[in-house]
$ cat work_32.txt   # compact mmCIF, C-alpha atoms and all ligand atoms
# COMPACT_ATOMS: atom_id res chain seq x y z
CA MET A 1 29.28 10.68 13.68
CA THR A 2 26.19 12.57 14.36
CA VAL A 3 23.19 12.66 12.13
CA ASP A 4 21.25 14.78 14.55
CA GLY A 5 22.34 18.26 13.57
CA ALA A 6 20.61 19.58 10.48
CA GLY A 7 22.94 21.16 7.94
CA PRO A 8 23.06 24.89 7.19
CA VAL A 9 19.63 26.16 6.24
CA GLU A 10 19.32 27.38 2.66
CA SER A 11 15.95 29.08 2.41
CA PRO A 12 12.90 30.02 4.48
CA VAL A 13 11.02 27.10 2.93
CA GLU A 14 13.73 24.71 3.96
CA ALA A 15 13.82 26.36 7.38
CA ALA A 16 10.14 25.54 7.79
CA PHE A 17 10.94 21.83 7.36
CA GLU A 18 13.66 21.97 9.95
CA GLN A 19 11.12 22.90 12.62
CA GLU A 20 10.55 20.31 15.29
CA VAL A 21 7.44 18.18 15.00
CA ALA A 22 6.51 16.90 18.43
CA ARG A 23 6.80 13.10 18.72
CA GLY A 24 3.47 11.53 17.95
CA GLU A 25 2.33 14.16 15.45
CA PRO A 26 1.89 13.15 11.83
CA ILE A 27 4.98 13.76 9.73
CA LEU A 28 3.34 12.34 6.59
CA GLU A 29 -0.38 12.63 5.90
CA VAL A 30 -1.49 10.53 2.95
CA ARG A 31 -5.04 10.97 1.64
CA ASP A 32 -6.83 9.09 -1.14
CA LEU A 33 -3.53 8.39 -2.87
CA VAL A 34 -3.96 6.90 -6.33
CA LYS A 35 -1.41 5.51 -8.77
CA HIS A 36 -2.69 4.02 -12.01
CA PHE A 37 -0.36 2.70 -14.69
CA PRO A 38 -1.97 3.11 -18.13
CA LEU A 39 -2.46 -0.01 -20.25
CA THR A 40 -1.94 0.80 -23.89
CA LYS A 41 -2.61 -0.93 -27.21
CA GLY A 42 -1.05 -0.36 -30.62
CA VAL A 43 2.54 0.18 -31.73
CA LEU A 44 2.62 3.49 -33.59
CA PHE A 45 -0.54 5.08 -32.25
CA LYS A 46 -0.77 4.03 -28.64
CA LYS A 47 -4.26 4.06 -27.25
CA GLN A 48 -5.04 3.71 -23.55
CA VAL A 49 -7.31 0.72 -23.05
CA GLY A 50 -7.30 0.58 -19.28
CA ALA A 51 -5.11 1.02 -16.23
CA VAL A 52 -3.39 -1.09 -13.59
CA LYS A 53 -4.81 0.32 -10.37
CA ALA A 54 -1.69 -0.36 -8.32
CA VAL A 55 -2.62 2.08 -5.53
CA ASP A 56 -6.24 3.09 -5.45
CA GLY A 57 -7.33 5.40 -2.66
CA VAL A 58 -4.90 4.85 0.21
CA SER A 59 -5.08 7.07 3.32
CA PHE A 60 -2.97 6.96 6.49
CA ASP A 61 -0.76 9.07 8.73
CA LEU A 62 2.85 8.31 9.54
CA MET A 63 3.59 9.67 13.00
CA GLN A 64 6.85 11.23 14.11
CA GLY A 65 9.22 8.58 15.45
CA GLU A 66 6.94 5.59 14.74
CA THR A 67 7.32 2.53 12.56
CA LEU A 68 4.34 1.79 10.38
CA GLY A 69 4.52 -1.71 8.92
CA ILE A 70 2.81 -2.40 5.58
CA VAL A 71 1.95 -5.99 4.70
CA GLY A 72 0.07 -7.67 1.89
CA GLU A 73 0.47 -10.26 -0.85
CA SER A 74 2.78 -9.77 -3.81
CA GLY A 75 1.38 -7.26 -6.29
CA CYS A 76 -0.95 -5.48 -3.84
CA GLY A 77 0.83 -2.15 -4.43
CA LYS A 78 3.29 -1.83 -1.53
CA SER A 79 6.32 -0.83 -3.61
CA THR A 80 4.24 1.47 -5.80
CA LEU A 81 2.97 3.21 -2.66
CA ALA A 82 6.59 3.64 -1.50
CA LYS A 83 7.69 5.01 -4.88
CA VAL A 84 4.86 7.53 -5.01
CA LEU A 85 5.65 8.72 -1.48
CA MET A 86 9.29 9.09 -2.52
CA ASN A 87 8.25 11.02 -5.62
CA LEU A 88 9.95 8.39 -7.79
CA GLU A 89 6.58 7.89 -9.51
CA PRO A 90 4.08 10.74 -9.97
CA ALA A 91 0.75 10.18 -8.24
CA THR A 92 -2.37 9.91 -10.39
CA GLY A 93 -4.41 11.52 -7.63
CA GLY A 94 -4.69 12.23 -3.93
CA SER A 95 -2.54 14.14 -1.54
CA VAL A 96 0.67 13.67 0.45
CA ARG A 97 1.50 16.25 3.11
CA TYR A 98 4.90 16.41 4.71
CA LYS A 99 4.76 18.35 7.98
CA GLY A 100 1.52 19.88 6.75
CA GLU A 101 2.88 20.97 3.34
CA GLU A 102 1.30 19.49 0.23
CA ILE A 103 4.25 17.94 -1.63
CA SER A 104 2.71 18.28 -5.10
CA ARG A 105 2.52 22.06 -4.66
CA LEU A 106 6.21 22.38 -3.82
CA SER A 107 8.95 23.16 -6.27
CA GLY A 108 12.57 24.32 -6.15
CA ALA A 109 14.12 24.53 -2.68
CA GLY A 110 10.96 23.34 -0.93
CA LEU A 111 10.74 20.15 -2.98
CA LYS A 112 14.47 19.57 -2.63
CA ALA A 113 14.19 19.86 1.15
CA VAL A 114 11.34 17.34 1.28
CA ARG A 115 13.22 14.94 -0.99
CA ARG A 116 16.18 15.17 1.34
CA ASN A 117 14.02 14.38 4.35
CA ILE A 118 12.36 11.27 2.93
CA GLN A 119 14.78 8.52 1.95
CA MET A 120 14.40 4.90 0.92
CA VAL A 121 16.17 1.63 1.63
CA PHE A 122 15.57 -0.91 -1.13
CA GLN A 123 14.91 -4.63 -1.04
CA ASP A 124 17.81 -6.15 -2.86
CA PRO A 125 21.26 -5.15 -1.65
CA TYR A 126 22.75 -7.05 -4.61
CA THR A 127 21.15 -4.98 -7.36
CA SER A 128 20.54 -1.64 -5.65
CA LEU A 129 24.25 -0.77 -5.35
CA ASN A 130 26.19 0.23 -8.47
CA PRO A 131 28.94 -2.44 -8.84
CA ARG A 132 31.30 0.04 -10.53
CA MET A 133 31.28 2.57 -7.70
CA THR A 134 33.24 2.35 -4.47
CA VAL A 135 31.32 2.28 -1.23
CA GLY A 136 32.59 5.80 -0.52
CA ASP A 137 31.14 7.07 -3.80
CA ILE A 138 27.84 5.22 -3.28
CA ILE A 139 27.26 6.57 0.22
CA GLY A 140 28.57 10.04 -0.65
CA GLU A 141 26.61 10.40 -3.92
CA PRO A 142 23.63 12.20 -2.28
CA PHE A 143 26.06 14.93 -1.13
CA GLU A 144 26.50 15.94 -4.81
CA ILE A 145 22.84 17.02 -4.85
CA HIS A 146 22.85 18.37 -1.29
CA PRO A 147 26.35 19.82 -0.75
CA GLU A 148 25.02 21.78 2.23
CA VAL A 149 24.89 18.54 4.26
CA ALA A 150 28.61 17.75 3.74
CA PRO A 151 30.80 20.28 1.91
CA LYS A 152 33.39 18.72 -0.44
CA GLY A 153 36.32 18.74 2.00
CA ASP A 154 34.25 17.00 4.71
CA ARG A 155 32.78 14.22 2.59
CA ARG A 156 35.31 11.47 3.17
CA LYS A 157 35.00 11.94 6.92
CA ALA A 158 31.17 12.08 6.67
CA VAL A 159 31.09 8.78 4.73
CA GLN A 160 33.45 7.11 7.20
CA ASP A 161 31.25 8.29 10.05
CA LEU A 162 28.23 6.78 8.30
CA LEU A 163 30.07 3.46 7.82
CA ASP A 164 30.82 3.50 11.52
CA VAL A 165 27.19 4.25 12.42
CA VAL A 166 25.96 1.19 10.49
CA GLY A 167 28.61 -1.06 12.02
CA LEU A 168 31.07 -1.26 9.11
CA ASN A 169 34.78 -0.60 9.24
CA PRO A 170 35.39 3.02 8.06
CA GLU A 171 38.52 1.77 6.31
CA TYR A 172 36.35 -0.12 3.81
CA ILE A 173 35.54 3.18 2.10
CA ASN A 174 37.44 2.30 -1.11
CA ARG A 175 36.01 -1.20 -1.50
CA TYR A 176 33.44 -2.23 -4.12
CA PRO A 177 30.01 -3.78 -3.37
CA HIS A 178 31.07 -7.28 -4.50
CA GLN A 179 33.63 -7.32 -1.68
CA PHE A 180 30.82 -7.33 0.92
CA SER A 181 28.30 -9.91 2.13
CA GLY A 182 24.55 -9.43 1.64
CA GLY A 183 24.06 -8.12 5.18
CA GLN A 184 26.98 -5.73 4.84
CA ARG A 185 25.60 -4.47 1.53
CA GLN A 186 22.28 -3.74 3.16
CA ARG A 187 24.18 -1.77 5.82
CA ILE A 188 25.75 0.23 2.96
CA GLY A 189 22.23 0.88 1.60
CA ILE A 190 21.14 2.05 5.05
CA ALA A 191 24.22 4.32 5.38
CA ARG A 192 23.33 5.86 2.03
CA GLY A 193 19.74 6.35 3.20
CA LEU A 194 21.02 8.14 6.31
CA ALA A 195 23.54 10.37 4.50
CA LEU A 196 21.21 13.34 4.12
CA LYS A 197 20.00 13.18 7.74
CA PRO A 198 16.42 12.33 6.76
CA GLU A 199 13.45 12.22 9.10
CA VAL A 200 11.51 9.51 7.25
CA ILE A 201 12.94 6.30 5.82
CA ILE A 202 10.81 4.08 3.65
CA CYS A 203 12.16 0.53 3.87
CA ASP A 204 10.88 -1.68 1.04
CA GLU A 205 11.46 -5.29 2.08
CA PRO A 206 14.88 -4.36 3.51
CA VAL A 207 15.63 -7.83 4.87
CA SER A 208 13.74 -10.14 2.51
CA ALA A 209 16.86 -11.03 0.51
CA LEU A 210 18.95 -11.81 3.63
CA ASP A 211 19.56 -14.94 5.69
CA VAL A 212 17.46 -15.20 8.84
CA SER A 213 20.44 -14.59 11.17
CA VAL A 214 21.49 -11.51 9.20
CA GLN A 215 17.90 -10.27 9.09
CA ALA A 216 17.91 -9.92 12.88
CA GLN A 217 21.14 -7.88 12.81
CA VAL A 218 19.77 -5.47 10.20
CA ILE A 219 16.46 -5.11 12.07
CA ASN A 220 18.34 -4.39 15.29
CA LEU A 221 20.43 -1.79 13.48
CA LEU A 222 17.30 -0.10 12.09
CA GLU A 223 15.76 0.00 15.58
CA GLN A 224 18.91 1.41 17.11
CA LEU A 225 19.17 4.12 14.43
CA GLN A 226 15.53 5.01 14.90
CA SER A 227 15.93 5.78 18.58
CA GLU A 228 19.26 7.54 18.02
CA PHE A 229 18.03 9.85 15.26
CA ASN A 230 14.27 9.90 15.95
CA LEU A 231 13.50 8.47 12.53
CA SER A 232 10.03 7.58 11.28
CA TYR A 233 9.89 4.35 9.29
CA MET A 234 7.45 2.95 6.82
CA PHE A 235 8.46 -0.71 6.82
CA ILE A 236 7.19 -2.88 3.97
CA ALA A 237 7.58 -6.65 4.33
CA HIS A 238 6.05 -10.01 3.54
CA ASP A 239 7.07 -11.57 6.82
CA LEU A 240 4.38 -10.81 9.38
CA SER A 241 6.56 -11.85 12.32
CA ILE A 242 9.27 -9.34 11.39
CA VAL A 243 6.68 -6.64 10.85
CA ARG A 244 5.19 -7.30 14.27
CA HIS A 245 8.62 -7.16 15.86
CA ILE A 246 9.55 -3.76 14.44
CA SER A 247 6.22 -1.95 13.99
CA ASP A 248 4.21 0.30 16.29
CA ARG A 249 1.29 0.18 13.87
CA VAL A 250 0.52 -2.08 10.94
CA GLY A 251 -1.44 -1.49 7.74
CA VAL A 252 -2.71 -4.40 5.63
CA MET A 253 -3.04 -3.87 1.87
CA TYR A 254 -5.13 -5.80 -0.64
CA LEU A 255 -5.39 -4.97 -4.36
CA GLY A 256 -4.24 -1.36 -4.06
CA ARG A 257 -6.13 -0.48 -0.89
CA LEU A 258 -5.57 -0.52 2.86
CA VAL A 259 -8.09 -2.92 4.36
CA GLU A 260 -7.13 -2.69 8.03
CA ILE A 261 -4.81 -0.54 10.11
CA GLY A 262 -4.10 -0.42 13.83
CA SER A 263 -1.52 -0.94 16.56
CA ASP A 264 0.48 -4.16 16.35
CA ARG A 265 -1.66 -5.63 19.16
CA GLU A 266 -4.92 -4.61 17.48
CA ILE A 267 -3.90 -6.20 14.20
CA TYR A 268 -2.13 -9.33 15.43
CA ASP A 269 -4.40 -10.20 18.36
CA HIS A 270 -7.71 -8.56 17.38
CA ALA A 271 -7.85 -8.51 13.57
CA THR A 272 -11.37 -7.86 12.32
CA HIS A 273 -10.90 -7.98 8.54
CA PRO A 274 -11.22 -11.45 6.97
CA TYR A 275 -8.16 -10.89 4.76
CA THR A 276 -5.95 -10.01 7.73
CA GLN A 277 -7.31 -13.03 9.59
CA ALA A 278 -6.39 -15.27 6.66
CA LEU A 279 -2.88 -13.81 6.42
CA LEU A 280 -2.32 -14.27 10.15
CA SER A 281 -3.61 -17.83 10.11
CA ALA A 282 -0.86 -18.69 7.60
CA VAL A 283 2.03 -17.37 9.75
CA PRO A 284 4.35 -20.31 10.56
CA VAL A 285 4.07 -21.48 14.18
CA PRO A 286 7.21 -23.12 15.65
CA ASP A 287 5.36 -25.08 18.38
CA PRO A 288 3.99 -28.34 16.78
CA THR A 289 1.10 -28.62 19.27
CA ALA A 290 -0.01 -25.05 18.67
CA ARG A 291 0.43 -25.61 14.94
CA GLU A 292 -1.89 -28.62 14.94
CA SER A 293 -4.57 -26.99 17.03
CA ARG A 294 -4.78 -23.76 15.13
CA ASP A 295 -7.50 -23.08 12.66
CA ARG A 296 -5.92 -22.09 9.37
CA ILE A 297 -7.95 -20.16 6.80
CA VAL A 298 -7.09 -21.24 3.29
CA LEU A 299 -8.01 -18.61 0.73
CA THR A 300 -9.46 -19.97 -2.48
CA GLY A 301 -9.23 -18.34 -5.88
CA ASP A 302 -6.57 -16.18 -7.45
CA VAL A 303 -5.89 -12.57 -6.61
CA PRO A 304 -7.96 -10.60 -9.15
CA SER A 305 -6.17 -8.37 -11.65
CA PRO A 306 -5.56 -4.82 -10.39
CA ALA A 307 -6.58 -3.71 -13.88
CA ASN A 308 -10.10 -5.01 -13.25
CA PRO A 309 -10.77 -5.23 -9.51
CA PRO A 310 -14.09 -6.66 -8.26
CA SER A 311 -16.95 -4.23 -7.60
CA GLY A 312 -17.79 -3.29 -4.03
CA CYS A 313 -15.33 -5.01 -1.69
CA ARG A 314 -12.25 -6.05 -3.63
CA PHE A 315 -11.73 -9.06 -1.37
CA ARG A 316 -15.21 -10.48 -1.96
CA THR A 317 -14.16 -13.02 -4.62
CA ARG A 318 -12.02 -14.79 -1.99
CA CYS A 319 -13.93 -13.95 1.19
CA TRP A 320 -15.86 -16.71 2.97
CA LYS A 321 -18.11 -14.12 4.63
CA ALA A 322 -19.09 -12.31 1.41
CA ARG A 323 -22.77 -11.45 0.91
CA GLU A 324 -24.80 -9.51 -1.59
CA ARG A 325 -24.00 -6.19 0.00
CA CYS A 326 -20.27 -6.79 -0.50
CA ALA A 327 -20.66 -6.70 -4.31
CA VAL A 328 -22.48 -3.39 -4.45
CA GLU A 329 -21.17 -1.30 -1.58
CA VAL A 330 -17.55 -0.32 -1.08
CA PRO A 331 -16.49 -0.87 2.55
CA LEU A 332 -14.55 2.18 3.68
CA LEU A 333 -11.59 2.09 6.02
CA ALA A 334 -13.16 3.18 9.30
CA VAL A 335 -13.71 2.15 12.91
CA PRO A 336 -16.86 -0.06 12.91
CA GLY A 337 -19.32 1.44 15.37
CA TRP A 338 -20.42 -2.01 16.65
CA LEU A 339 -16.96 -3.01 17.86
CA SER A 340 -15.33 -2.08 21.15
CA GLY A 341 -11.99 -2.49 22.94
CA PRO A 342 -8.95 -3.36 20.82
CA ALA A 343 -11.24 -4.66 18.05
CA ALA A 344 -12.43 -1.07 17.51
CA HIS A 345 -9.81 -0.02 15.00
CA GLU A 346 -10.01 0.87 11.32
CA SER A 347 -11.21 -2.00 9.15
CA ALA A 348 -12.72 -1.91 5.66
CA CYS A 349 -15.34 -4.66 6.08
CA HIS A 350 -19.14 -4.43 6.28
CA PHE A 351 -19.17 -7.31 8.74
CA ALA A 352 -15.95 -6.66 10.66
CA ALA A 353 -15.60 -8.94 13.67
CA GLU A 354 -12.84 -10.83 15.45
CA ARG A 355 -12.49 -14.47 14.47
CA ASP A 356 -13.85 -15.86 17.73
CA GLN A 357 -16.53 -13.19 17.97
CA ALA A 358 -20.08 -13.62 16.73
CA GLU A 359 -20.71 -11.51 13.66
CA PRO A 360 -22.72 -8.37 14.33
CA ASP A 361 -26.35 -8.90 13.41
CA GLN A 362 -28.33 -6.39 11.41
CA ALA A 363 -29.86 -4.80 14.53
CA GLU A 364 -26.41 -4.21 16.05
CA ARG A 365 -25.11 -2.69 12.86
CA ASP A 366 -28.25 -0.57 12.43
CA GLN A 367 -27.84 0.73 15.95
CA ALA A 368 -24.23 1.65 15.25
CA GLU A 369 -25.06 3.34 11.99
CA SER A 370 -25.57 7.04 12.07
CA GLY A 371 -27.24 7.30 8.69
CA PRO A 372 -28.62 5.19 5.88
CA ALA A 373 -26.02 3.00 4.14
CA GLU A 374 -25.05 4.45 0.81
CA GLN A 375 -25.38 2.40 -2.30
CA ALA A 376 -22.46 2.66 -4.62
CA GLU A 377 -22.40 1.76 -8.26
CA PRO A 378 -20.47 -1.47 -8.56
CA GLY A 379 -16.89 -0.39 -8.00
CA GLN A 380 -17.87 3.18 -7.07
CA ALA A 381 -18.13 5.09 -3.83
CA GLU A 382 -18.52 8.76 -3.17
CA PRO A 383 -15.47 10.43 -1.64
CA GLY A 384 -16.02 11.33 1.99
CA GLN A 385 -18.98 9.01 2.50
CA ALA A 386 -19.12 6.68 5.46
CA GLY A 387 -22.79 5.98 5.74
CA ASN A 388 -22.25 2.53 7.20
CA GLY A 389 -21.91 3.83 10.71
CA GLN A 390 -18.16 3.89 10.56
CA ALA A 391 -15.97 6.85 11.36
CA GLU A 392 -14.53 7.21 7.90
CA ARG A 393 -10.88 7.17 6.90
CA GLY A 394 -10.79 5.81 3.43
CA GLY A 395 -10.55 6.67 -0.17
CA PRO A 396 -12.94 6.63 -3.07
CA GLU A 397 -13.26 3.47 -5.10
CA THR A 398 -12.05 4.54 -8.48
CA GLY A 399 -12.50 1.27 -10.33
N1 LIG B 1 5.80 0.60 -13.88
C1 LIG B 1 4.73 -0.18 -13.89
N2 LIG B 1 3.94 -0.28 -14.98
C2 LIG B 1 2.82 -1.05 -14.99
N3 LIG B 1 2.40 -1.77 -13.91
C3 LIG B 1 3.14 -1.71 -12.80
C4 LIG B 1 4.35 -0.92 -12.72
N4 LIG B 1 4.87 -1.07 -11.47
C5 LIG B 1 4.04 -1.90 -10.81
N5 LIG B 1 3.01 -2.29 -11.60
C6 LIG B 1 1.91 -3.19 -11.23
O1 LIG B 1 1.29 -2.63 -10.08
C7 LIG B 1 0.88 -3.66 -9.19
C8 LIG B 1 1.52 -3.43 -7.83
O2 LIG B 1 2.91 -3.66 -7.94
P1 LIG B 1 3.92 -3.46 -6.71
O3 LIG B 1 5.29 -3.68 -7.21
O4 LIG B 1 3.62 -2.15 -6.10
O5 LIG B 1 3.46 -4.64 -5.74
P2 LIG B 1 4.11 -5.11 -4.36
O6 LIG B 1 3.01 -5.16 -3.37
O7 LIG B 1 5.30 -4.29 -4.06
O8 LIG B 1 4.55 -6.61 -4.73
P3 LIG B 1 5.81 -7.45 -4.17
O9 LIG B 1 5.42 -7.89 -2.80
O10 LIG B 1 5.91 -8.59 -5.13
O11 LIG B 1 7.01 -6.56 -4.19
C9 LIG B 1 1.30 -4.98 -9.85
O12 LIG B 1 0.17 -5.49 -10.52
C10 LIG B 1 2.37 -4.57 -10.81
O13 LIG B 1 2.42 -5.44 -11.91
S1 LIG B 2 -16.93 -6.47 3.08
FE1 LIG B 2 -17.77 -8.50 2.64
S2 LIG B 2 -16.40 -9.42 1.12
FE2 LIG B 2 -15.35 -7.67 2.03
S3 LIG B 2 -14.13 -8.52 3.66
FE3 LIG B 2 -16.04 -7.87 4.59
S4 LIG B 2 -17.40 -9.67 4.51
FE4 LIG B 2 -15.66 -10.06 3.12
MG MG B 3 7.35 -4.71 -3.80

$ encode --input "work_32.txt" --output "structure tokens"
Amino acid sequence: MTVDGAGPVESPVEAAFEQEVARGEPILEVRDLVKHFPLTKGVLFKKQVGAVKAVDGVSFDLMQGETLGIVGESGCGKSTLAKVLMNLEPATGGSVRYKGEEISRLSGAGLKAVRRNIQMVFQDPYTSLNPRMTVGDIIGEPFEIHPEVAPKGDRRKAVQDLLDVVGLNPEYINRYPHQFSGGQRQRIGIARGLALKPEVIICDEPVSALDVSVQAQVINLLEQLQSEFNLSYMFIAHDLSIVRHISDRVGVMYLGRLVEIGSDREIYDHATHPYTQALLSAVPVPDPTARESRDRIVLTGDVPSPANPPSGCRFRTRCWKARERCAVEVPLLAVPGWLSGPAAHESACHFAAERDQAEPDQAERDQAESGPAEQAEPGQAEPGQAGNGQAERGGPETG
């Protein structure tokens, strides 16, 4: 089976998407992405009384052939981000470009081509597969919408090839999902994700529901498929060790926003955002001596509601470093000018510093700043501002 050849090209728009993007160039460019779910009151006459700000100004690039891990506590907006990127949920605002084309401006063949090229693997292999369909029908279903990838007469063979690629016996094509183990079901989900020969696969907690031993097999399979078909992955997970293993870069989300993003080494060994440092300090350590000697940060307080996030820095209600400035000024995702080496990566904190590093004093920060720090209304920041001396890459606070 080969997933490398693109199917027959239907239109000039589709042809444009088939063009090669050199490895290392952005395949997805996400800017200030916002997804708010309205909160309504009343039975007959529904009135909007607020909104759950599930994703609230997220910006990042996904590079060709890379794996970008996304981590963060439950409810921080990871799945919503994935669904908006997949077009399963309409965005409230912001922009997503696929190979330079704004997705929201596409329709017809262009939109269909993008949808084909971005696929998703879901968390729960037990509920994401229709129990009444055979594995052959599940994996081959996308061909109904995109017959150009596998014309009717070739479909059985195409599905068997996909089963083979994910390490399942091609003769299982007529079996039903309940006849497979959890790990095998996730392989079926991956085969379905691969059916349309996509370039980007968004994996939302693809191994969280699996046993540890099976997790490793599925991760290995994903890595092998990535190098074979030059796939780009966005890999969402709770488990920071798994994310480190598979990711080239890692983004950390808190309450609908990215708070830190960098290479796996920058994030795991040189985190500068207090929230990332707290998450990392809670990662289980197998060595009892190392476990005893490490300095764990225990976060106090509950995660605030995404319907009413704190003003300024959203993490301030749980941050041990919080000061007055944190309540009034939104920290933008940017490289702090006072940091150097691997610590100099994007971090949305006014006082970003590694754990064992002395915090920058006012003079250091002033020196790094290129202009006067902007004052935002509580919960407000101007789009495009980065007056805190940071090279900006962030979104507007919309709360
Ligand atoms: N369809 C919806 N309508 C209203 N609110 C929603 C909807 N989907 C998600 N939310 C809310 O948006 C926020 C983010 O949810 P999301 O599922 O994206 O979080 P997550 O980071 O994927 O969490 P988990 O790690 O538990 O999967 C949550 O507060 C959730 O309740
Ligand atoms: S900006 Fe302030 S509250 Fe937010 S993480 Fe940094 S120190 Fe903590
Ligand atoms: Mg989720």

$ atom_distance --input "work_32.txt" --atom1 "atom CA of A:Lys53" --atom2 "atom C9 of ligand LIG 1 (chain B)"
8.1 Å

$ closest_residue --input "work_32.txt" --among "A:Phe122, A:Phe229, A:Tyr254, A:Phe37" --to "ligand MG 3 (chain B)" --atoms "all atoms listed in the file"
A:Phe122

$ residues_around --input "work_32.txt" --residues "A:Pro131" --least-positions-apart "5" --cutoff "10 Å" --atoms "only C-alpha atoms" --output "list in words"
Tyr126, Ile138, Tyr176, Pro177, His178 and Gln179 of chain A

$ axis_aligned_box --input "work_32.txt" --around "stretch 111-117 of chain A" --padding-each-side "6 Å" --output "JSON"
{"center_x": 13.5, "center_y": 17.3, "center_z": 0.7, "size_x": 17.4, "size_y": 17.8, "size_z": 19.3}

$ residues_around --input "work_32.txt" --residues "A:Val30" --least-positions-apart "3" --cutoff "10 Å" --atoms "all atoms listed in the file" --output "number ranges by chain"
A: 26-27, 33, 57-62, 85, 94-98, 102

$ residues_near_ligand --input "work_32.txt" --ligand "ligand LIG 1 (chain B)" --cutoff "10 Å" --atoms "all atoms listed in the file" --output "mmCIF file with C-alpha atoms, in the coordinates of the input"
data_model
loop_
_atom_site.group_PDB
_atom_site.id
_atom_site.type_symbol
_atom_site.label_atom_id
_atom_site.label_comp_id
_atom_site.auth_asym_id
_atom_site.auth_seq_id
_atom_site.Cartn_x
_atom_site.Cartn_y
_atom_site.Cartn_z
ATOM 1 C CA LYS A 35 -1.410 5.510 -8.770
ATOM 2 C CA HIS A 36 -2.690 4.020 -12.010
ATOM 3 C CA PHE A 37 -0.360 2.700 -14.690
ATOM 4 C CA PRO A 38 -1.970 3.110 -18.130
ATOM 5 C CA LEU A 39 -2.460 -0.010 -20.250
ATOM 6 C CA ALA A 51 -5.110 1.020 -16.230
ATOM 7 C CA VAL A 52 -3.390 -1.090 -13.590
ATOM 8 C CA LYS A 53 -4.810 0.320 -10.370
ATOM 9 C CA ALA A 54 -1.690 -0.360 -8.320
ATOM 10 C CA VAL A 55 -2.620 2.080 -5.530
ATOM 11 C CA ILE A 70 2.810 -2.400 5.580
ATOM 12 C CA VAL A 71 1.950 -5.990 4.700
ATOM 13 C CA GLY A 72 0.070 -7.670 1.890
ATOM 14 C CA GLU A 73 0.470 -10.260 -0.850
ATOM 15 C CA SER A 74 2.780 -9.770 -3.810
ATOM 16 C CA GLY A 75 1.380 -7.260 -6.290
ATOM 17 C CA CYS A 76 -0.950 -5.480 -3.840
ATOM 18 C CA GLY A 77 0.830 -2.150 -4.430
ATOM 19 C CA LYS A 78 3.290 -1.830 -1.530
ATOM 20 C CA SER A 79 6.320 -0.830 -3.610
ATOM 21 C CA THR A 80 4.240 1.470 -5.800
ATOM 22 C CA LEU A 81 2.970 3.210 -2.660
ATOM 23 C CA ALA A 82 6.590 3.640 -1.500
ATOM 24 C CA LYS A 83 7.690 5.010 -4.880
ATOM 25 C CA VAL A 84 4.860 7.530 -5.010
ATOM 26 C CA GLU A 89 6.580 7.890 -9.510
ATOM 27 C CA GLN A 123 14.910 -4.630 -1.040
ATOM 28 C CA ASP A 204 10.880 -1.680 1.040
ATOM 29 C CA GLU A 205 11.460 -5.290 2.080
ATOM 30 C CA ILE A 236 7.190 -2.880 3.970
ATOM 31 C CA ALA A 237 7.580 -6.650 4.330
ATOM 32 C CA HIS A 238 6.050 -10.010 3.540
ATOM 33 C CA MET A 253 -3.040 -3.870 1.870
ATOM 34 C CA TYR A 254 -5.130 -5.800 -0.640
ATOM 35 C CA LEU A 255 -5.390 -4.970 -4.360
ATOM 36 C CA GLY A 256 -4.240 -1.360 -4.060
ATOM 37 C CA PRO A 304 -7.960 -10.600 -9.150
ATOM 38 C CA SER A 305 -6.170 -8.370 -11.650
ATOM 39 C CA PRO A 306 -5.560 -4.820 -10.390
ATOM 40 C CA ALA A 307 -6.580 -3.710 -13.880
#

$ atom_distance --input "work_32.txt" --atom1 "atom CA of A:Met86" --atom2 "atom CA of A:Asp124"
17.5 Å

$ residues_near_ligand --input "work_32.txt" --ligand "ligand LIG 2 (chain B)" --cutoff "7 Å" --atoms "all atoms listed in the file" --output "ChimeraX atom specification"
/A:273-275,313-316,319-323,326,331,348-352

$ atom_distance --input "work_32.txt" --atom1 "atom CA of A:Ala368" --atom2 "atom CA of A:Gly337"
4.9 Å

$ closest_residue --input "work_32.txt" --among "A:Glu101, A:Asp295, A:Arg192, A:Cys203" --to "ligand MG 3 (chain B)" --atoms "only C-alpha atoms and all ligand atoms"
A:Cys203

$ residues_around --input "work_32.txt" --residues "A:Gln186" --least-positions-apart "4" --cutoff "12 Å" --atoms "all atoms listed in the file" --output "JSON, numbers by chain"
{"A": [120, 121, 122, 123, 124, 125, 126, 127, 128, 129, 135, 139, 163, 166, 167, 168, 177, 180, 181, 182, 190, 191, 192, 193, 203, 204, 205, 206, 207, 208, 209, 210, 211, 214, 215, 217, 218, 219, 221, 222]}

$ closest_residue --input "work_32.txt" --among "A:Gly183, A:Gly110, A:Gly189, A:Gly50" --to "A:Ala216" --atoms "all atoms listed in the file"
A:Gly183

$ closest_residue --input "work_32.txt" --among "A:Ala150, A:Gly136, A:Pro198, A:Gly24" --to "A:Tyr172" --atoms "all atoms listed in the file"
A:Gly136

$ closest_residue --input "work_32.txt" --among "A:Trp338, A:Tyr268, A:Phe235, A:Phe45" --to "A:Arg355" --atoms "only C-alpha atoms"
A:Tyr268

$ residues_around --input "work_32.txt" --residues "A:Leu339" --least-positions-apart "6" --cutoff "10 Å" --atoms "all atoms listed in the file" --output "PyMOL selection string"
chain A and resi 272+345+352-354+360+364-365+368
